[in-house]
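**Student:** Once you've had a glance at the structure underneath, I'll fire off some questions.
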There are 8 protein chains.
Amino acid sequence: MDHKYYFPEQERFKRQGFPEAIYAPGKTIDQIISIAKELALHDGPVLITRADKKIYNFVKKIFKKARYFELAKLIVIKYAKDSGAKNRKSYVCVATAGTGDIPVAEEAAVTAEAIGAEVKRVYDVGVAGIHRLYKHKDILLNASCVVVCAGMEGALASVVGGLVNCPVIGVPTSIGYGVSFKGVSALLTMLNSCAANVSVVNIDDGFGAGVIASLMCRKEKSKIKD
Amino acid sequence: MDHKYYFPEQERFKRQGFPEAIYAPGKTIDQIISIAKELALHDGPVLITRADKKIYNFVKKIFKKARYFELAKLIVIKYAKDSGAKNRKSYVCVATAGTGDIPVAEEAAVTAEAIGAEVKRVYDVGVAGIHRLYKHKDILLNASCVVVCAGMEGALASVVGGLVNCPVIGVPTSIGYGVSFKGVSALLTMLNSCAANVSVVNIDDGFGAGVIASLMCRKEKSKIKD
Amino acid sequence: MDHKYYFPEQERFKRQGFPEAIYAPGKTIDQIISIAKELALHDGPVLITRADKKIYNFVKKIFKKARYFELAKLIVIKYAKDSGAKNRKSYVCVATAGTGDIPVAEEAAVTAEAIGAEVKRVYDVGVAGIHRLYKHKDILLNASCVVVCAGMEGALASVVGGLVNCPVIGVPTSIGYGVSFKGVSALLTMLNSCAANVSVVNIDDGFGAGVIASLMCRKEKSKIKD
Amino acid sequence: MDHKYYFPEQERFKRQGFPEAIYAPGKTIDQIISIAKELALHDGPVLITRADKKIYNFVKKIFKKARYFELAKLIVIKYAKDSGAKNRKSYVCVATAGTGDIPVAEEAAVTAEAIGAEVKRVYDVGVAGIHRLYKHKDILLNASCVVVCAGMEGALASVVGGLVNCPVIGVPTSIGYGVSFKGVSALLTMLNSCAANVSVVNIDDGFGAGVIASLMCRKEKSKIKD
Amino acid sequence: MDHKYYFPEQERFKRQGFPEAIYAPGKTIDQIISIAKELALHDGPVLITRADKKIYNFVKKIFKKARYFELAKLIVIKYAKDSGAKNRKSYVCVATAGTGDIPVAEEAAVTAEAIGAEVKRVYDVGVAGIHRLYKHKDILLNASCVVVCAGMEGALASVVGGLVNCPVIGVPTSIGYGVSFKGVSALLTMLNSCAANVSVVNIDDGFGAGVIASLMCRKEKSKIKD
Amino acid sequence: MDHKYYFPEQERFKRQGFPEAIYAPGKTIDQIISIAKELALHDGPVLITRADKKIYNFVKKIFKKARYFELAKLIVIKYAKDSGAKNRKSYVCVATAGTGDIPVAEEAAVTAEAIGAEVKRVYDVGVAGIHRLYKHKDILLNASCVVVCAGMEGALASVVGGLVNCPVIGVPTSIGYGVSFKGVSALLTMLNSCAANVSVVNIDDGFGAGVIASLMCRKEKSKIKD
Amino acid sequence: MDHKYYFPEQERFKRQGFPEAIYAPGKTIDQIISIAKELALHDGPVLITRADKKIYNFVKKIFKKARYFELAKLIVIKYAKDSGAKNRKSYVCVATAGTGDIPVAEEAAVTAEAIGAEVKRVYDVGVAGIHRLYKHKDILLNASCVVVCAGMEGALASVVGGLVNCPVIGVPTSIGYGVSFKGVSALLTMLNSCAANVSVVNIDDGFGAGVIASLMCRKEKSKIKD
Amino acid sequence: MDHKYYFPEQERFKRQGFPEAIYAPGKTIDQIISIAKELALHDGPVLITRADKKIYNFVKKIFKKARYFELAKLIVIKYAKDSGAKNRKSYVCVATAGTGDIPVAEEAAVTAEAIGAEVKRVYDVGVAGIHRLYKHKDILLNASCVVVCAGMEGALASVVGGLVNCPVIGVPTSIGYGVSFKGVSALLTMLNSCAANVSVVNIDDGFGAGVIASLMCRKEKSKIKD
């Protein structure tokens with residue numbers, strides 16, 4: 001009977017440790033609370049992305065343990081169950097080219113932490129002063145995955161990709177003016193990267209980068225347990 | 001003396017198991033042979049990408065063990081040292097939407113194999129006949145990483161991303177006509193994916209996807225050894 | 001005398017059951033009322049699109065039977081004459097990928113209803129959780145036409161197109177961020193659809209989709225009467 | 001047991017009268033023959049699109065009844081079963097702006113005919129000499145669906161849309177030079193159409209337009225039979 | 001001495017009847033007044049474009065005869081000297097597709113009038129109801145030049161171009177939504193026009209169209225005088 | 001009976017002196033000859049554009065008086081009737097920025113001549129050596145219309161527009177490399193021209209520019225005759 | 001020991017006379033002050049770009065000698081040390097096409113002055129009235145470098161490039177409407193310049209142009225001193 | 001008499017040491033020879049760009065001293081007069097990211113040498129292996145100007161810009177595939193450079209970069225002589 005597909009099982013499989021997120025823009029507080037309640041029934045971490053403080057104040061009343069990360073504009077309603085037992089051998093490095101890229105980087109970092117990954121931050125190490133990058137050589141070289149957030153020309157992803165031997169996730173940010181085209185230039189730079197270990201997510205998509213990066217760490221843990 | 005950076009070390013670190021590739025277009029046979037000889041001195045696997053049979057015939061004279069993968073247009077001069085000892089618990093799944101995407105998929109698959117990863121292929125499972133995808137449910141759900149190659153609307157990456165809980169690497173292909181814009185539409189679709197575990201590489205960049213996918217498998221192995 | 005063209009007749013022909021709509025943005029209340037009065041002289045349904053509540057309050061004073069659909073931002077001044085006598089055998093299915101696409105979907109649905117079609121709604125069934133779509137299999141398979149509203153990567157139109165054997169009208173929505181390019185990515189995805197039964201209207205053009213979808217139902221009715 | 005989905009049934013449902021097509025470019029003769037054989041097992045019509053005469057010569061040896069339409073570059077291996085019994089009340093009108101658009105129009109027309117629709121052709125009636133269009137007023141006004149193929153500025157779709165009260169399917173063609181951008185300008189014109197009954201398919205996608213147009217005719221027939 | 005160029009003469013030549021305009025956006029009232037005073041010393045008409053009422057109130061204090069055209073957002077400080085003696089045999093026809101295009105059309109019309117041309121307006125004659133256009137056949141056929149203002153798909157320029165035998169100046173307007181791309185689609189349509197007598201100016205550039213159109217009328221006059 | 005439109009009359013009106021052209025690319029010799037025969041029945045000049053010598057050789061056999069302009073790739077089958085009686089007071093100036101723009105310029109010039117206008121050529125006067133332009137000051141200042149053909153940055157149209165007081169028609173050419181984008185950059189430059197008397201036609205559309213320019217000269221003549 | 005790289009030295013080398021700038025948008029006053037304090041420890045000039053008066057008021061309290069340039073939106077905290085001893089033989093000419101380009105020009109000019117270059121301003125000399133440019137012939141011909149700021153069609157850079165024999169730096173500005181595309185058209189024009197001595201910076205990047213221009217003057221000085 | 005402009009003088013001024021170049025594509029041998037003869041009458045160096053060997057063979061017959069640079073596809077007909085007396089204190093550094101960028105780099109280098117500048121080449125130092133760049137630190141730091149040729153992501157210009165304190169001229173090359181968009185991505189990267197000393201020329205415009213770079217060296221010399 002190989003033509004019957006049991007989706008409910010698949011759904012359960014997917015959700016183990018996989019984050020559930022509510023994208024706040026365009027939703028009413030009621031909608032957000034209602035979706036959050038449903039998602040909180042599952043095992044995985046629950047997040048609200050691009051949320052302002054006002055939303056947090058409402059959410060906080062229902063979910064007492066909810067935490068707000070202002071820079072990342074992220075509410076973590078619930079962390080992954082085993083987040084206390086982090087795998088000490090593996091961590092995500094989140095890097096930015098400039099200070100303007102930090103909010104996106106924080107979205108990635110807090111997301112990864114909510115899923116249970118350890119995160120090390122290396123901020124403001126853009127290529128126009130590349131010696132700043134090398135000060136953090138050790139953190140970069142030992143990471144399981146590096147998330148690089150950069151706007152303008154976005155060249156940092158290539159430089160980091162050429163340095164490390166783990167996967168690099170480029171997050172183009174909308175920082176810049178003129179022909180930065182709100183992140184499109186940085187996106188193109190990263191997609192064209194001459195370093196073969198760089199893949200890319202949507203502009204300003206710190207959440208996506210955080211999910212993928214933490215999956216890389218998590219997998220290592222789960223495989224070890226097998 | 002923390003301001004001295006020992007690049008030679010870094011270079012060595014990077015190259016352990018990391019692939020070296022020669023992009024054939026625009027290079028003479030002599031240039032290719034010459035670069036290949038130098039790269040072959042290192043530990044990692046050595047590949048020539050986008051190479052036609054004529055190039056292979058020359059290469060074969062120098063590198064007796066070189067193998068040619070016609071569909072992938074890939075010459076593997078040297079495999080990763082430990083490729084015989086594959087980690088049985090981890091494999092890369094390479095999927096395509098249509099038959100036209102197979103050459104790119106093969107570039108990804110052969111690259112990953114050259115680095116030492118096990119690869120399972122799931123071809124021709126595009127979203128216009130999505131029941132074909134579900135026949136391969138088990139292969140997809142147990143992969144360490146899924147590489148999805150798709151042209152035209154490129155929707156397969158999102159569908160797979162919604163199904164599995166490992167990272168998915170989208171490779172937009174230049175297959176299509178009209179507003180496929182030689183892969184740009186598929187690229188945009190993948191970058192906009194509503195599935196949070198999808199990251200993307202350049203159009204037709206099977207090599208990059210193969211590298212990243214194999215790094216995910218490899219890391220698991222190396223971490224276990226630590 | 002085959003070179004004389006009697007446009008007035010053609011005009012009358014066209015208007016039987018064909019909707020007349022006033023696009024509100026950039027028009028004064030007086031202009032809207034004035035055009036509405038003229039259009040109401042014809043047989044077809046009369047609508048005001050993209051209208052806010054303020055406009056409705058004015059319109060309501062003149063057209064006592066006018067109804068306002070807040071989500072759709074649509075005022076129906078007059079329904080099609082025979083809308084009470086719906087063809088029970090035929091209906092339009094309006095589907096959305098996410099909750100953000102609902103306003104556009106409602107514009108399509110209310111438009112189709114104003115013209116006299118029966119509409120069934122299937123909302124929030126995007127491809128990242130494709131099992132949600134299959135719960136509505138029966139509604140989809142028996143529709144005369146499916147309108148699919150989706151932003152971001154817009155992949156739902158292809159998936160639905162591959163499932164049903166009636167025409168599918170894709171409505172890309174401006175929902176998304178970064179490289180969604182305000183609906184352009186979803187538009188390209190839909191135009192590139194590998195499912196041959198998908199045609200597409202302008203971004204956020206729920207009205208157009210509603211008109212076309214209802215014409216498909218209506219035709220069936222009129223032909224039966226012949 | 002509403003969570004089990006029987007795809008094989010769905011597949012069968014979809015295929016009743018729904019065309020199967022093989023896109024020839026990039027496929028070997030062997031691949032084409034092999035796929036054609038498989039598709040010919042189903043009930044629906046079978047077509048090979050964008051095929052040159054050389055392919056036809058091979059196909060003809062296997063499928064004795066295969067017909068080649070040179071202008072359309074289309075091989076019809078098998079017509080829809082009931083194509084002999086055309087519904088006399090319903091037909092598709094296929095129109096072109098210029099002579100350069102005729103190959104795309106023929107792809108649409110022959111496809112629709114293969115599925116079983118009656119087709120009336122109205123060619124070379126572009127808007128720069130709009131009196132030519134009006135000579136065919138009757139054919140246009142009584143069609144169940146009009147397919148408009150136009151390159152350059154693609155304005156014909158709007159003009160026809162404003163004239164008729166059935167759905168119009170715009171097919172932008174790659175005819176033109178300079179800022180025609182190989183059909184993109186015509187595509188934009190059609191998507192922006194101020195006539196609400198116009199939907200659009202990919203550039204040069206006569207096949208898709210033919211499928212959708214014939215579905216509109218076919219539905220009428222099937223519903224009458226019910 | 002053919003290598004000496006007497007620019008002052010050229011300047012004087014150019015300015016006979018040629019309009020001088022001040023583009024108001026981004027200029028202070030003082031700057032506008034100051035430039036206006038200087039320009040008013042020449043023979044030609046003087047205009048301030050894209051000016052709001054507030055600017056007019058200031059300008060009015062200095063230039064008593066200044067007139068404000070609210071729809072056109074145009075202040076005419078000074079008309080062309082011989083504007084009273086209009087050439088009765090020649091006029092500009094200014095047409096629009098929709099009501100939203102009227103402000104741009106008025107900018108063209110008032111500009112042409114300020115330079116001394118007679119203008120006939122034919123508004124709201126878009127191609128989706130092309131019979132409305134034909135009601136004004138005589139005005140169109142006898143014009144010296146037709147200015148066509150249209151947004152969305154901009155098809156009116158082609159239709160008018162195919163009808164008349166004088167030059168047509170297309171003015172794409174930023175009216176529309178989605179893929180109208182703020183006038184770019186209409187611009188492309190007009191540039192691709194299959195009618196050979198259509199040339200185009202920048203999006204919303206009613207002023208430019210008004211200048212060119214009036215130059216065509218004016219030339220006729222001046223030549224007659226010769 | 002104002003709702004009957006006599007198109008045949010309009011057609012006749014339009015065709016007096018208005019050119020008929022056959023765009024050769026994509027047409028067979030037979031098609032070209034056949035259309036040419038039909039067009040030659042009317043009063044206006046008849047041209048075949050973008051035609052190579054091979055086409056001319058065939059055409060020449062049928063139309064003994066046909067002339068071929070190799071640079072312009074233009075065949076003139078028939079000149080306008082009154083072309084011998086040129087208005088001596090009025091001429092078109094055709095200018096180019098570089099030598100690469102000359103073929104397009106010749107298409108414009110020969111077209112205008114075929115319609116009956118006098119043409120003066122001013123070639124190779126691009127803005128990087130603007131002193132070359134001023135050598136032709138007199139020809140420019142006394143023209144009825146200047147056609148400016150320029151590729152690359154296309155700045156010549158603005159410079160000429162600022163110099164003369166007649167209408168200027170910019171023809172962007174596809175000359176250039178890199179970000180010339182095959183004429184798009186020159187097109188944008190011309191559309192953005194700060195000189196108000198510049199309007200623009202499609203890239204490489206010398207024919208369109210020639211038509212419009214000659215209409216300006218012709219009108220003067222016809223009006224004088226009235 | 002050629003594999004050790006002493007970045008601190010390099011850093012010092014770079015900073016001699018090289019400007020340090022803080023891009024104000026998106027930074028808090030505290031961040032700006034804090035970075036400014038650190039940068040002020042080096043030898044080079046220190047600037048805050050795109051700063052409003054409010055920022056200046058805070059900065060002024062800490063840096064008593066800070067000066068504000070309102071048009072340029074630039075705060076100069078510290079001038080280059082040797083700026084008093086300007087090289088009399090060398091200066092930068094900063095030119096604009098229109099008055100709207102002056103803010104960008106002032107950013108370039110004040111930046112260059114802060115670094116120690118002498119600057120001569122030639123404003124409002126756009127190509128539509130090119131005689132205005134020639135009035136400043138001497139200033140242009142004797143400059144070490146000309147910075148040309150122009151929006152809309154940006155043609156001035158080419159014209160100046162063709163006139164002078166020093167490097168020209170084009171700064172496209174976001175001035176314009178319609179297809180000016182916020183500076184993209186001007187950018188393309190400048191990149192396509194047929195004058196070989198023109199290079200280009202980002203849209204509105206007066207700061208970058210000012211830096212490069214002053215480096216050209218400075219180098220002359222430093223070389224003379226050697 | 002300040003309104004007379006003596007262009008011949010200006011022309012002479014401009015041409016002192018300023019290169020004259022003939023862009024070969026699209027010109028006949030005769031045209032090239034003819035232009036070359038005229039240009040050779042002036043003082044400056046004379047070059048033919050993008051010329052193949054066949055052209056050289058013809059040119060060589062007329063200009064006995066002409067030299068061909070195959071990689072650069074450049075014929076130098078005549079060097080700058082004082083090229084033997086190079087300023088020893090100043091040189092141009094030409095760098096490339098990859099081997100594919102070398103032809104463009106050679107166009108820049110040979111052009112600069114023809115004008116009289118000394119050139120030092122630093123090839124194949126792209127950012128994915130940035131340690132290779134630092135091996136050439138001294139050459140970079142002491143250059144008067146660095147020309148950086150890079151395709152794909154073009155990040156090298158920013159990295160070099162951050163390292164040196166002289167002007168950097170970025171030359172995006174058309175090397176790459178997919179979203180390299182034939183050099184557009186590299187162009188955007190360079191324009192967005194966070195290093196303030198980077199300006200950019202057109203894609204593959206090695207000639208322009210060579211001219212500008214040599215002007216920087218030359219100026220130093222000329223000023224010293226003054």
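Here, A, B, ... name the chains of the structure tokens in the order displayed, residue numbers run from 1 inside each chain, and ligands are numbered from 1 in the same displayed order.
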Give the residues of chain B that lie within 7 Å of chain H; count only C-alpha atoms, and format the answer as a short mmCIF file (atom, residue, chain, number, x, y, z; two decimals) with C-alpha atoms, in the first residue's frame.
**Tutor:**
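This is the output file selection.cif:
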data_model
loop_
_atom_site.label_atom_id
_atom_site.label_comp_id
_atom_site.auth_asym_id
_atom_site.auth_seq_id
_atom_site.Cartn_x
_atom_site.Cartn_y
_atom_site.Cartn_z
CA PHE B 7 48.27 32.50 6.86
CA GLY B 26 38.21 30.12 -20.76
CA ASN B 202 24.14 30.70 -7.79
CA ILE B 203 22.22 29.55 -10.88
CA ASP B 204 23.50 26.19 -12.17
#
**Student:** Using DSSP assignments from the backbone, pull out every residue in segment 4-210 of chain F that falls under helix (DSSP H, G or I) and give it to me as a PyMOL selection string.
**Tutor:** chain F and resi 7-15+29-39+53-62+81-84+99-115+127-129+131-134+137-141+156-163+178-191+206-210
**Student:** Please indicate the distance in Å from atom CA of Cys93 of chain B to atom CA of Leu215 of chain A, rounded to one decimal place.
**Tutor:**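 Between atom CA of Cys93 of chain B and atom CA of Leu215 of chain A the gap is 16.1 Å.
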**Student:** Which residues, written as number ranges by chain, have at least one atom at most 12 Å from Lys60 of chain F, with only C-alpha atoms counted and residues fewer than 4 positions away on the same chain left out?
**Tutor:** F: 29, 33, 36, 48, 53-56, 64-68, 75-78
**Student:** Restricting the output to N, CA and C atoms, write the selected residues as an mmCIF file, in the first residue's frame.
**Tutor:**
data_model
loop_
_atom_site.group_PDB
_atom_site.id
_atom_site.type_symbol
_atom_site.label_atom_id
_atom_site.label_comp_id
_atom_site.auth_asym_id
_atom_site.auth_seq_id
_atom_site.Cartn_x
_atom_site.Cartn_y
_atom_site.Cartn_z
ATOM 1 N N ILE F 29 10.827 35.476 -48.503
ATOM 2 C CA ILE F 29 10.844 36.339 -49.690
ATOM 3 C C ILE F 29 9.423 36.440 -50.268
ATOM 4 N N ILE F 33 7.343 39.859 -50.861
ATOM 5 C CA ILE F 33 6.900 40.282 -52.200
ATOM 6 C C ILE F 33 5.385 40.481 -52.201
ATOM 7 N N ALA F 36 4.391 43.536 -50.305
ATOM 8 C CA ALA F 36 4.849 44.710 -51.044
ATOM 9 C C ALA F 36 3.908 45.040 -52.199
ATOM 10 N N ILE F 48 11.046 48.436 -47.355
ATOM 11 C CA ILE F 48 11.328 47.185 -46.665
ATOM 12 C C ILE F 48 12.507 47.452 -45.744
ATOM 13 N N LYS F 53 20.964 42.150 -48.818
ATOM 14 C CA LYS F 53 21.105 42.260 -50.276
ATOM 15 C C LYS F 53 20.352 41.146 -50.992
ATOM 16 N N LYS F 54 20.346 39.942 -50.382
ATOM 17 C CA LYS F 54 19.678 38.794 -50.991
ATOM 18 C C LYS F 54 18.199 39.102 -51.213
ATOM 19 N N ILE F 55 17.592 39.686 -50.218
ATOM 20 C CA ILE F 55 16.178 40.064 -50.364
ATOM 21 C C ILE F 55 16.035 41.069 -51.502
ATOM 22 N N TYR F 56 16.958 42.036 -51.529
ATOM 23 C CA TYR F 56 16.877 43.057 -52.563
ATOM 24 C C TYR F 56 16.909 42.445 -53.950
ATOM 25 N N LYS F 64 11.043 47.003 -60.525
ATOM 26 C CA LYS F 64 12.226 47.422 -61.283
ATOM 27 C C LYS F 64 12.857 48.699 -60.727
ATOM 28 N N LYS F 65 12.036 49.548 -60.119
ATOM 29 C CA LYS F 65 12.562 50.828 -59.636
ATOM 30 C C LYS F 65 13.053 50.774 -58.185
ATOM 31 N N ALA F 66 12.960 49.592 -57.587
ATOM 32 C CA ALA F 66 13.381 49.478 -56.182
ATOM 33 C C ALA F 66 14.851 49.823 -56.022
ATOM 34 N N ARG F 67 15.167 50.548 -54.979
ATOM 35 C CA ARG F 67 16.568 50.913 -54.711
ATOM 36 C C ARG F 67 16.985 50.350 -53.354
ATOM 37 N N TYR F 68 18.238 49.958 -53.261
ATOM 38 C CA TYR F 68 18.739 49.394 -52.021
ATOM 39 C C TYR F 68 19.740 50.334 -51.373
ATOM 40 N N ILE F 75 15.213 48.882 -48.373
ATOM 41 C CA ILE F 75 14.815 48.889 -49.780
ATOM 42 C C ILE F 75 13.668 49.872 -49.948
ATOM 43 N N VAL F 76 13.818 50.825 -50.859
ATOM 44 C CA VAL F 76 12.713 51.728 -51.166
ATOM 45 C C VAL F 76 12.068 51.241 -52.461
ATOM 46 N N ILE F 77 10.871 50.704 -52.331
ATOM 47 C CA ILE F 77 10.160 50.182 -53.499
ATOM 48 C C ILE F 77 9.506 51.326 -54.273
ATOM 49 N N LYS F 78 9.079 52.279 -53.531
ATOM 50 C CA LYS F 78 8.318 53.363 -54.140
ATOM 51 C C LYS F 78 8.469 54.604 -53.275
#
**Student:** Tell me, in Å to one decimal, how far atom CA of Gln31 of chain A is from atom CA of Val59 of chain A.
**Tutor:**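 Atom CA of Gln31 of chain A sits 11.2 Å away from atom CA of Val59 of chain A.
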**Student:** Would you give me, as an NGL selection string, the residues in chain G that DSSP reads as strand (DSSP E)?
**Tutor:** :G and (20-23 or 46-49 or 67-69 or 74-78 or 91-96 or 118-122 or 145-150 or 168-172 or 198-200)
**Student:** Counting only C-alpha atoms, figure out which residue out of G:Ala195, G:Leu39, G:Val127, G:Val46 gets nearest to Ala112 of chain G.
**Tutor:**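 Between G:Ala195, G:Leu39, G:Val127, G:Val46, the residue approaching Ala112 of chain G most closely is G:Val46.
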**Student:** Excluding same-chain residues fewer than 2 positions from Asn192 of chain B, what lies within 6 Å of it counting only C-alpha atoms, as a list in words?
**Tutor:**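 Counting only C-alpha atoms, the residues come to Thr189 and Met190 of chain B; Met152 and Glu153 of chain C.
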**Student:** Within 12 Å of Ala143 of chain G, counting only C-alpha atoms, which residues show up once you throw out same-chain ones fewer than 4 positions away? Write them as an NGL selection string, please.
**Tutor:** (:G and (88-95 or 117-122 or 136-139 or 147 or 160 or 163-168 or 213-214 or 216-217)) or (:H and (219 or 223))
**Student:** Let's have the selection written as a short mmCIF file (atom, residue, chain, number, x, y, z; two decimals), in the first residue's frame, with N, CA and C atoms.
**Tutor:**
data_model
loop_
_atom_site.label_atom_id
_atom_site.label_comp_id
_atom_site.auth_asym_id
_atom_site.auth_seq_id
_atom_site.Cartn_x
_atom_site.Cartn_y
_atom_site.Cartn_z
N ARG G 88 49.45 75.23 -3.86
CA ARG G 88 48.82 76.25 -4.67
C ARG G 88 48.69 75.85 -6.13
N LYS G 89 49.48 74.87 -6.50
CA LYS G 89 49.45 74.50 -7.91
C LYS G 89 48.32 73.55 -8.27
N SER G 90 47.65 73.03 -7.27
CA SER G 90 46.71 71.96 -7.54
C SER G 90 45.38 72.21 -6.84
N TYR G 91 44.30 72.00 -7.54
CA TYR G 91 42.98 72.14 -6.88
C TYR G 91 41.99 71.17 -7.54
N VAL G 92 40.91 70.93 -6.81
CA VAL G 92 39.80 70.12 -7.30
C VAL G 92 38.71 71.06 -7.81
N CYS G 93 38.17 70.79 -8.98
CA CYS G 93 37.01 71.54 -9.43
C CYS G 93 35.77 70.67 -9.20
N VAL G 94 34.78 71.22 -8.52
CA VAL G 94 33.52 70.49 -8.30
C VAL G 94 32.42 71.19 -9.10
N ALA G 95 31.81 70.45 -10.02
CA ALA G 95 30.80 71.03 -10.92
C ALA G 95 29.46 70.33 -10.74
N ALA G 117 42.58 69.67 0.39
CA ALA G 117 42.64 70.11 -1.00
C ALA G 117 41.99 71.48 -1.16
N GLU G 118 42.45 72.22 -2.15
CA GLU G 118 41.75 73.45 -2.51
C GLU G 118 40.64 73.06 -3.48
N VAL G 119 39.48 73.73 -3.35
CA VAL G 119 38.33 73.37 -4.18
C VAL G 119 37.80 74.61 -4.89
N LYS G 120 37.51 74.49 -6.18
CA LYS G 120 36.81 75.56 -6.89
C LYS G 120 35.47 75.01 -7.37
N ARG G 121 34.41 75.77 -7.11
CA ARG G 121 33.06 75.31 -7.42
C ARG G 121 32.54 75.93 -8.72
N VAL G 122 31.94 75.10 -9.57
CA VAL G 122 31.34 75.55 -10.82
C VAL G 122 29.96 74.92 -10.89
N HIS G 136 33.29 78.79 -17.70
CA HIS G 136 34.23 78.38 -16.65
C HIS G 136 35.37 77.55 -17.20
N LYS G 137 35.62 77.70 -18.48
CA LYS G 137 36.63 76.91 -19.18
C LYS G 137 37.97 76.87 -18.43
N ASP G 138 38.43 78.00 -17.99
CA ASP G 138 39.77 78.06 -17.39
C ASP G 138 39.86 77.26 -16.09
N ILE G 139 38.83 77.40 -15.28
CA ILE G 139 38.83 76.65 -14.02
C ILE G 139 38.86 75.15 -14.31
N VAL G 147 35.26 66.91 -10.23
CA VAL G 147 34.15 66.11 -9.73
C VAL G 147 32.87 66.65 -10.37
N VAL G 160 32.32 67.23 -19.83
CA VAL G 160 33.51 67.72 -19.14
C VAL G 160 34.70 66.81 -19.43
N LEU G 163 36.45 67.60 -22.46
CA LEU G 163 37.04 68.94 -22.48
C LEU G 163 38.40 68.97 -21.79
N VAL G 164 38.51 68.30 -20.65
CA VAL G 164 39.72 68.40 -19.83
C VAL G 164 40.64 67.21 -20.06
N ASN G 165 41.87 67.31 -19.56
CA ASN G 165 42.77 66.17 -19.68
C ASN G 165 43.21 65.60 -18.34
N CYS G 166 42.46 65.93 -17.29
CA CYS G 166 42.70 65.32 -15.99
C CYS G 166 41.60 64.29 -15.72
N PRO G 167 41.74 63.47 -14.68
CA PRO G 167 40.66 62.53 -14.36
C PRO G 167 39.38 63.28 -13.93
N VAL G 168 38.25 62.72 -14.35
CA VAL G 168 36.94 63.25 -13.96
C VAL G 168 36.23 62.18 -13.12
N ALA G 213 39.18 62.68 -5.13
CA ALA G 213 39.70 63.91 -5.73
C ALA G 213 40.83 64.50 -4.91
N SER G 214 40.66 64.51 -3.60
CA SER G 214 41.70 65.11 -2.76
C SER G 214 42.95 64.24 -2.74
N MET G 216 44.16 62.78 -5.20
CA MET G 216 44.92 63.14 -6.40
C MET G 216 45.74 64.40 -6.18
N CYS G 217 45.17 65.37 -5.51
CA CYS G 217 45.92 66.59 -5.20
C CYS G 217 47.02 66.27 -4.18
N LYS H 219 50.28 63.34 -14.17
CA LYS H 219 50.08 64.66 -13.57
C LYS H 219 51.22 64.97 -12.62
N LYS H 223 53.40 68.27 -13.12
CA LYS H 223 53.39 69.32 -12.11
C LYS H 223 54.81 69.60 -11.61
#
